[in-house]
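One structure below.
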2 protein chains.
Amino acid sequence: MTRIALDMMGGDQGVESNVAGITHWFSANKNKDVHFDLFGNKPLIDSAIAKVSKFPVDLCEVHDTGERVIAPDDRPSMAIKRGGGSSMFEAISSVALGKSDAVVSSGNTGAYMALAKIVIGMMGGMERPAIVSIIPNIKGRSVMLDLGANTSCSSTQLVQFAVMGLAIARVMLGLHSPSVGILNIGTERSKGTEVLDEAYKILARARHIKFVGFVEGTDIMAGTSDVIVTDGFPGNVSLKTMEGVIRYLTYLTKNEIENSILCKIGYLFCRKMVSSIKDAIDPRRHNGAPFVGLQKIAVKSHGNSDAIGFAQAISAAIKLAESDFIASISKALLTIKTEPPNENSNK
Amino acid sequence: MTRIALDMMGGDQGVESNVAGITHWFSANKNKDVHFDLFGNKPLIDSAIAKVSKFPVDLCEVHDTGERVIAPDDRPSMAIKRGGGSSMFEAISSVALGKSDAVVSSGNTGAYMALAKIVIGMMGGMERPAIVSIIPNIKGRSVMLDLGANTSCSSTQLVQFAVMGLAIARVMLGLHSPSVGILNIGTERSKGTEVLDEAYKILARARHIKFVGFVEGTDIMAGTSDVIVTDGFPGNVSLKTMEGVIRYLTYLTKNEIENSILCKIGYLFCRKMVSSIKDAIDPRRHNGAPFVGLQKIAVKSHGNSDAIGFAQAISAAIKLAESDFIASISKALLTIKTEPPNENSNK
């Protein structure tokens, strides 16, 4: 049986949305052997459960954490000092103590990462955690990291992120032999910083890694590599740029449709297409990536997740918990460290 | 009379496209008092001119530079060593010698910048050049820099780029009192690097600068500020991410339309909308931004510019040449240097 700890108080949309998320997950996964430990304000959770039909009561146990919550704007340092007893802290602890196999929260990212790092602990040899996202592209989906946990990374950290990203691509995207590229300002070998050059050298000589070299911003959604490794700063800028472009184009489209009867008619014919494109870029459908480098599985769900998004994050956590995710990363990290340079290293 | 030097050999689409660009520009600007100096292989230019009707022969003088060209993949160092006599070099020299008011080239960006920096020279006090682009947004257009000339910048450089960007926004976008923001991984004052923090402090206390603080990737196309200042690395990644998202969505849309008869019908009703959106994001329509920090005006046209793009770059060069662009930047740079901190500096 897979046991998942859920922080019921996290996310902008509150307890009810998270309860609806569990219900939504259950509607599509009736025969899964899963147990949920729900952490949060019991009266609020119970009242939210009472409002929905078909909530899987038998799979769930509620653990009351009273009024204690981590607020969306709490600083990580504050969360560490005063977060004890909160729903997020208790859900993380459940995994740390081995009572659960994975934890899911839509709460404050910085606080979640800081608490997970301390309570669960980093994997041996991992220097820094990273934020990951699943990005749609022309060929399917890719894994991108770091998206903002670190403003600057060493070459060793970038290589560790590559290993992590490849493990995530295997488990979450089901890819047998995923490839990885380093995000740079050009694909030429001479481009970029010394740190990137050093990371390039290490990845190029790692025999078990399918390394495509440097990739550019245009390559992310072209699907040039299955994993894109980057410093947190450009990674964060890139991810938010994507969101911005999609919002801009959505705005232009809506504006045009509103101002033209012809477009309104055309839209009636294209509704299926529009919803199919919306689906492809819907962040809810790609929700739920683990923090990278922890000893156990902690899945981050978007802060603005609704029921569909939270259900997706639960699915991601179960998938990771049922895989050999942590073990395979440890093994891969070890392989890279002990690997001698091979003869074809200078690509 | 405004005199523009044109590198006729630059750009992926060659001489004929540049000749067509001049013709296209002329068709919309019949009464402008402009003289063009065309640098390149005279036989090729003449043969391209012979193929188009309505080429404004009276406005143009061809200067033969024979076979000498800068190739798209020439390294900047190589361009400096061996670029003398090439069409790009001669066009730049024409501005440096005061024979032309501005130069336009669609050629090799790195080589163009390196040659311009040496032949024209940097403005007094300016440390590094920057690559600029005009980006469409929900409110109109914005100026973004640096987009890849520098992999990392000092706070002084970022502030100088801000001043340059504001001058470009005034002249090229016609904004009376443009605002500027610093691209970061969050809008909170505490986010980012020390360099960004330092640049923030300087801009926040500059009385004559409308500073909106830190902006994120999502703000670029939301039009939160008229000028976006960034390190070249995230700037380049962001610009190329935009291109990538647009390509991805175009791919999805085409794919859907091809596979559905309903969509094909809908498309007929929406054609005007689609072309209007295409126009809004068409890089040709925003083509032609000057290199930043030079003593004279050197406009970079996209490498893949066609006639429409090249015509747009010519218009941009004329606009800049007819403004007090260089003088106003010098003045603004001086103002910032000598400005005492004001009382409302800590925003």
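Each chain in the structure tokens gets a letter, A, B, ..., in the order shown, and its residues are numbered from 1; ligands are numbered from 1 in order too.
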
Each chain B residue no farther than 9 Å from chain A, nearest pair in Å, only C-alpha atoms, as a Markdown table:
| residue | atom | partner | partner_atom | distance |
| --- | --- | --- | --- | --- |
| B:Asn137 | CA | A:Tyr248 | CA | 6.9 |
| B:Ile138 | CA | A:Tyr248 | CA | 6.2 |
| B:Gly148 | CA | A:Ile185 | CA | 6.8 |
| B:Thr151 | CA | A:Gly192 | CA | 6.5 |
| B:Ser152 | CA | A:Thr193 | CA | 8.7 |
| B:Leu183 | CA | A:Val237 | CA | 8.0 |
| B:Asn184 | CA | A:Val237 | CA | 7.2 |
| B:Ile185 | CA | A:Asn236 | CA | 5.9 |
| B:Gly186 | CA | A:Asn236 | CA | 8.8 |
| B:Gly192 | CA | A:Thr151 | CA | 6.5 |
| B:Thr193 | CA | A:Thr151 | CA | 6.9 |
| B:Glu216 | CA | A:Val237 | CA | 6.7 |
| B:Gly217 | CA | A:Thr241 | CA | 4.3 |
| B:Thr218 | CA | A:Gly244 | CA | 4.1 |
| B:Asp219 | CA | A:Gly244 | CA | 6.8 |
| B:Ile220 | CA | A:Gly244 | CA | 7.0 |
| B:Met221 | CA | A:Gly244 | CA | 5.8 |
| B:Ala222 | CA | A:Gly244 | CA | 6.8 |
| B:Gly232 | CA | A:Ile185 | CA | 8.5 |
| B:Phe233 | CA | A:Ile185 | CA | 6.3 |
| B:Pro234 | CA | A:Pro234 | CA | 4.5 |
| B:Gly235 | CA | A:Pro234 | CA | 8.1 |
| B:Asn236 | CA | A:Ile185 | CA | 5.9 |
| B:Val237 | CA | A:Gly217 | CA | 4.8 |
| B:Ser238 | CA | A:Ser238 | CA | 5.1 |
| B:Leu239 | CA | A:Gly217 | CA | 7.4 |
| B:Lys240 | CA | A:Gly217 | CA | 4.4 |
| B:Thr241 | CA | A:Gly217 | CA | 4.3 |
| B:Met242 | CA | A:Val245 | CA | 6.4 |
| B:Glu243 | CA | A:Thr218 | CA | 6.0 |
| B:Gly244 | CA | A:Thr218 | CA | 4.1 |
| B:Val245 | CA | A:Met242 | CA | 6.3 |
| B:Ile246 | CA | A:Val245 | CA | 7.6 |
| B:Arg247 | CA | A:Ala222 | CA | 8.1 |
| B:Tyr248 | CA | A:Met221 | CA | 6.2 |
| B:Leu249 | CA | A:Ile277 | CA | 7.8 |
| B:Tyr251 | CA | A:Ile138 | CA | 7.5 |
| B:Leu252 | CA | A:Ile277 | CA | 6.6 |
| B:Thr253 | CA | A:Ile277 | CA | 7.3 |
| B:Glu256 | CA | A:Met273 | CA | 6.0 |
| B:Ile257 | CA | A:Met273 | CA | 7.7 |
| B:Ser260 | CA | A:Met273 | CA | 8.5 |
| B:Leu262 | CA | A:Phe269 | CA | 5.4 |
| B:Cys263 | CA | A:Cys270 | CA | 4.9 |
| B:Lys264 | CA | A:Cys270 | CA | 8.3 |
| B:Ile265 | CA | A:Phe269 | CA | 6.8 |
| B:Gly266 | CA | A:Gly266 | CA | 3.9 |
| B:Tyr267 | CA | A:Gly266 | CA | 6.3 |
| B:Leu268 | CA | A:Gly266 | CA | 7.2 |
| B:Phe269 | CA | A:Gly266 | CA | 4.7 |
| B:Cys270 | CA | A:Cys263 | CA | 4.9 |
| B:Arg271 | CA | A:Cys263 | CA | 8.3 |
| B:Lys272 | CA | A:Cys263 | CA | 8.3 |
| B:Met273 | CA | A:Glu256 | CA | 6.0 |
| B:Val274 | CA | A:Thr253 | CA | 8.4 |
| B:Ser276 | CA | A:Glu256 | CA | 8.4 |
| B:Ile277 | CA | A:Leu252 | CA | 6.6 |
| B:Ala280 | CA | A:Leu252 | CA | 8.7 |
| B:Ile281 | CA | A:Leu249 | CA | 8.9 |

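By chain and then residue number, the residues within 10 Å of Leu115 of chain A are Pro76, Ser77, Ala79, Ile80, Lys81, Gly83, Gly84, Met88, Phe89, Ile92, Ser93, Thr109, Gly110, Ala111, Tyr112, Ile118, Val119, Ile120 and Gly121 of chain A, counting only C-alpha atoms and disregarding those fewer than 3 positions away in sequence.
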
**Study point:** Ala327 of chain A environment, 10 Å, only C-alpha atoms, sequence neighbours closer than 5 positions dropped, as number ranges by chain
**Key:** A: 167, 295-296, 332

Check your understanding: What is the distance, in Å and to one decimal place, between atom CA of Ala96 of chain B and atom CA of Met144 of chain B?
Key -> 25.9 Å

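DSSP, applied to the backbone of this structure, assigns strand (DSSP E) to the following residues of segment 39-116 of chain B: Phe39, Gly40, Cys60, Glu61, Val62, His63, Asp64, Ala102, Val103, Val104 and Ser105 of chain B.
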
Practice item. Could you give me, as a ChimeraX atom specification, the residues within 8 Å of segment 289-294 of chain B, counting only C-alpha atoms and dropping anything in the same chain fewer than 2 positions from it? Key: /B:113,116-117,120-123,126,128-134,161,164,287,296-301,313,316-317

Keeping only C-alpha atoms, write those residues as a PDB file, in the first residue's frame.
ATOM      1  CA  MET B 113      29.280  44.924 -32.316  1.00  0.00           C
ATOM      2  CA  ALA B 116      31.355  49.182 -34.171  1.00  0.00           C
ATOM      3  CA  LYS B 117      32.915  49.354 -30.724  1.00  0.00           C
ATOM      4  CA  ILE B 120      32.964  54.168 -33.823  1.00  0.00           C
ATOM      5  CA  GLY B 121      34.046  53.953 -30.183  1.00  0.00           C
ATOM      6  CA  MET B 122      32.109  53.739 -26.940  1.00  0.00           C
ATOM      7  CA  MET B 123      30.437  56.753 -25.416  1.00  0.00           C
ATOM      8  CA  MET B 126      30.091  53.537 -20.960  1.00  0.00           C
ATOM      9  CA  ARG B 128      30.073  47.686 -22.173  1.00  0.00           C
ATOM     10  CA  PRO B 129      27.817  47.568 -25.200  1.00  0.00           C
ATOM     11  CA  ALA B 130      24.426  45.829 -25.040  1.00  0.00           C
ATOM     12  CA  ILE B 131      22.001  44.222 -27.466  1.00  0.00           C
ATOM     13  CA  VAL B 132      18.508  45.673 -27.409  1.00  0.00           C
ATOM     14  CA  SER B 133      15.177  44.484 -28.710  1.00  0.00           C
ATOM     15  CA  ILE B 134      11.699  45.972 -28.970  1.00  0.00           C
ATOM     16  CA  PHE B 161      21.659  50.112 -19.761  1.00  0.00           C
ATOM     17  CA  MET B 164      20.114  53.869 -22.661  1.00  0.00           C
ATOM     18  CA  ASN B 287      13.080  45.081 -36.170  1.00  0.00           C
ATOM     19  CA  LYS B 296      27.147  57.103 -33.023  1.00  0.00           C
ATOM     20  CA  ILE B 297      24.116  55.170 -34.200  1.00  0.00           C
ATOM     21  CA  ALA B 298      24.566  51.570 -35.364  1.00  0.00           C
ATOM     22  CA  VAL B 299      21.296  49.709 -35.879  1.00  0.00           C
ATOM     23  CA  LYS B 300      21.181  45.920 -35.804  1.00  0.00           C
ATOM     24  CA  SER B 301      18.675  44.305 -38.110  1.00  0.00           C
ATOM     25  CA  ALA B 313      15.359  48.718 -39.548  1.00  0.00           C
ATOM     26  CA  ALA B 316      14.398  52.903 -37.048  1.00  0.00           C
ATOM     27  CA  ALA B 317      17.837  54.209 -38.057  1.00  0.00           C
TER      28      ALA B 317
END

Exercise for review: Write out as an MDAnalysis selection string all residues of segment 166-313 of chain B that backbone DSSP assigns to helix (DSSP H, G or I).
Suggested key: chainID B and resid 166:173 194:205 217:220 232:258 261:281 283:286 307:313

Check your understanding: Near Ile49 of chain A, within 8 Å and counting only C-alpha atoms, which residues show up once chain neighbours fewer than 6 positions away are dropped, as a PyMOL selection string?
Key -> chain A and resi 16+19+55

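The environment of Asp64 of chain A within 9 Å, counting only C-alpha atoms and disregarding residues fewer than 6 places along the same chain, consists of Leu38, Phe39, Gly40, Asn41, Lys42, Pro43 and Ser87 of chain A.
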
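Comparing the minimum interatomic distances between Ser105 of chain B and each of B:Met172, B:Ala91, B:Pro283, B:Arg82, counting only C-alpha atoms, we find that B:Ala91 sits nearest.
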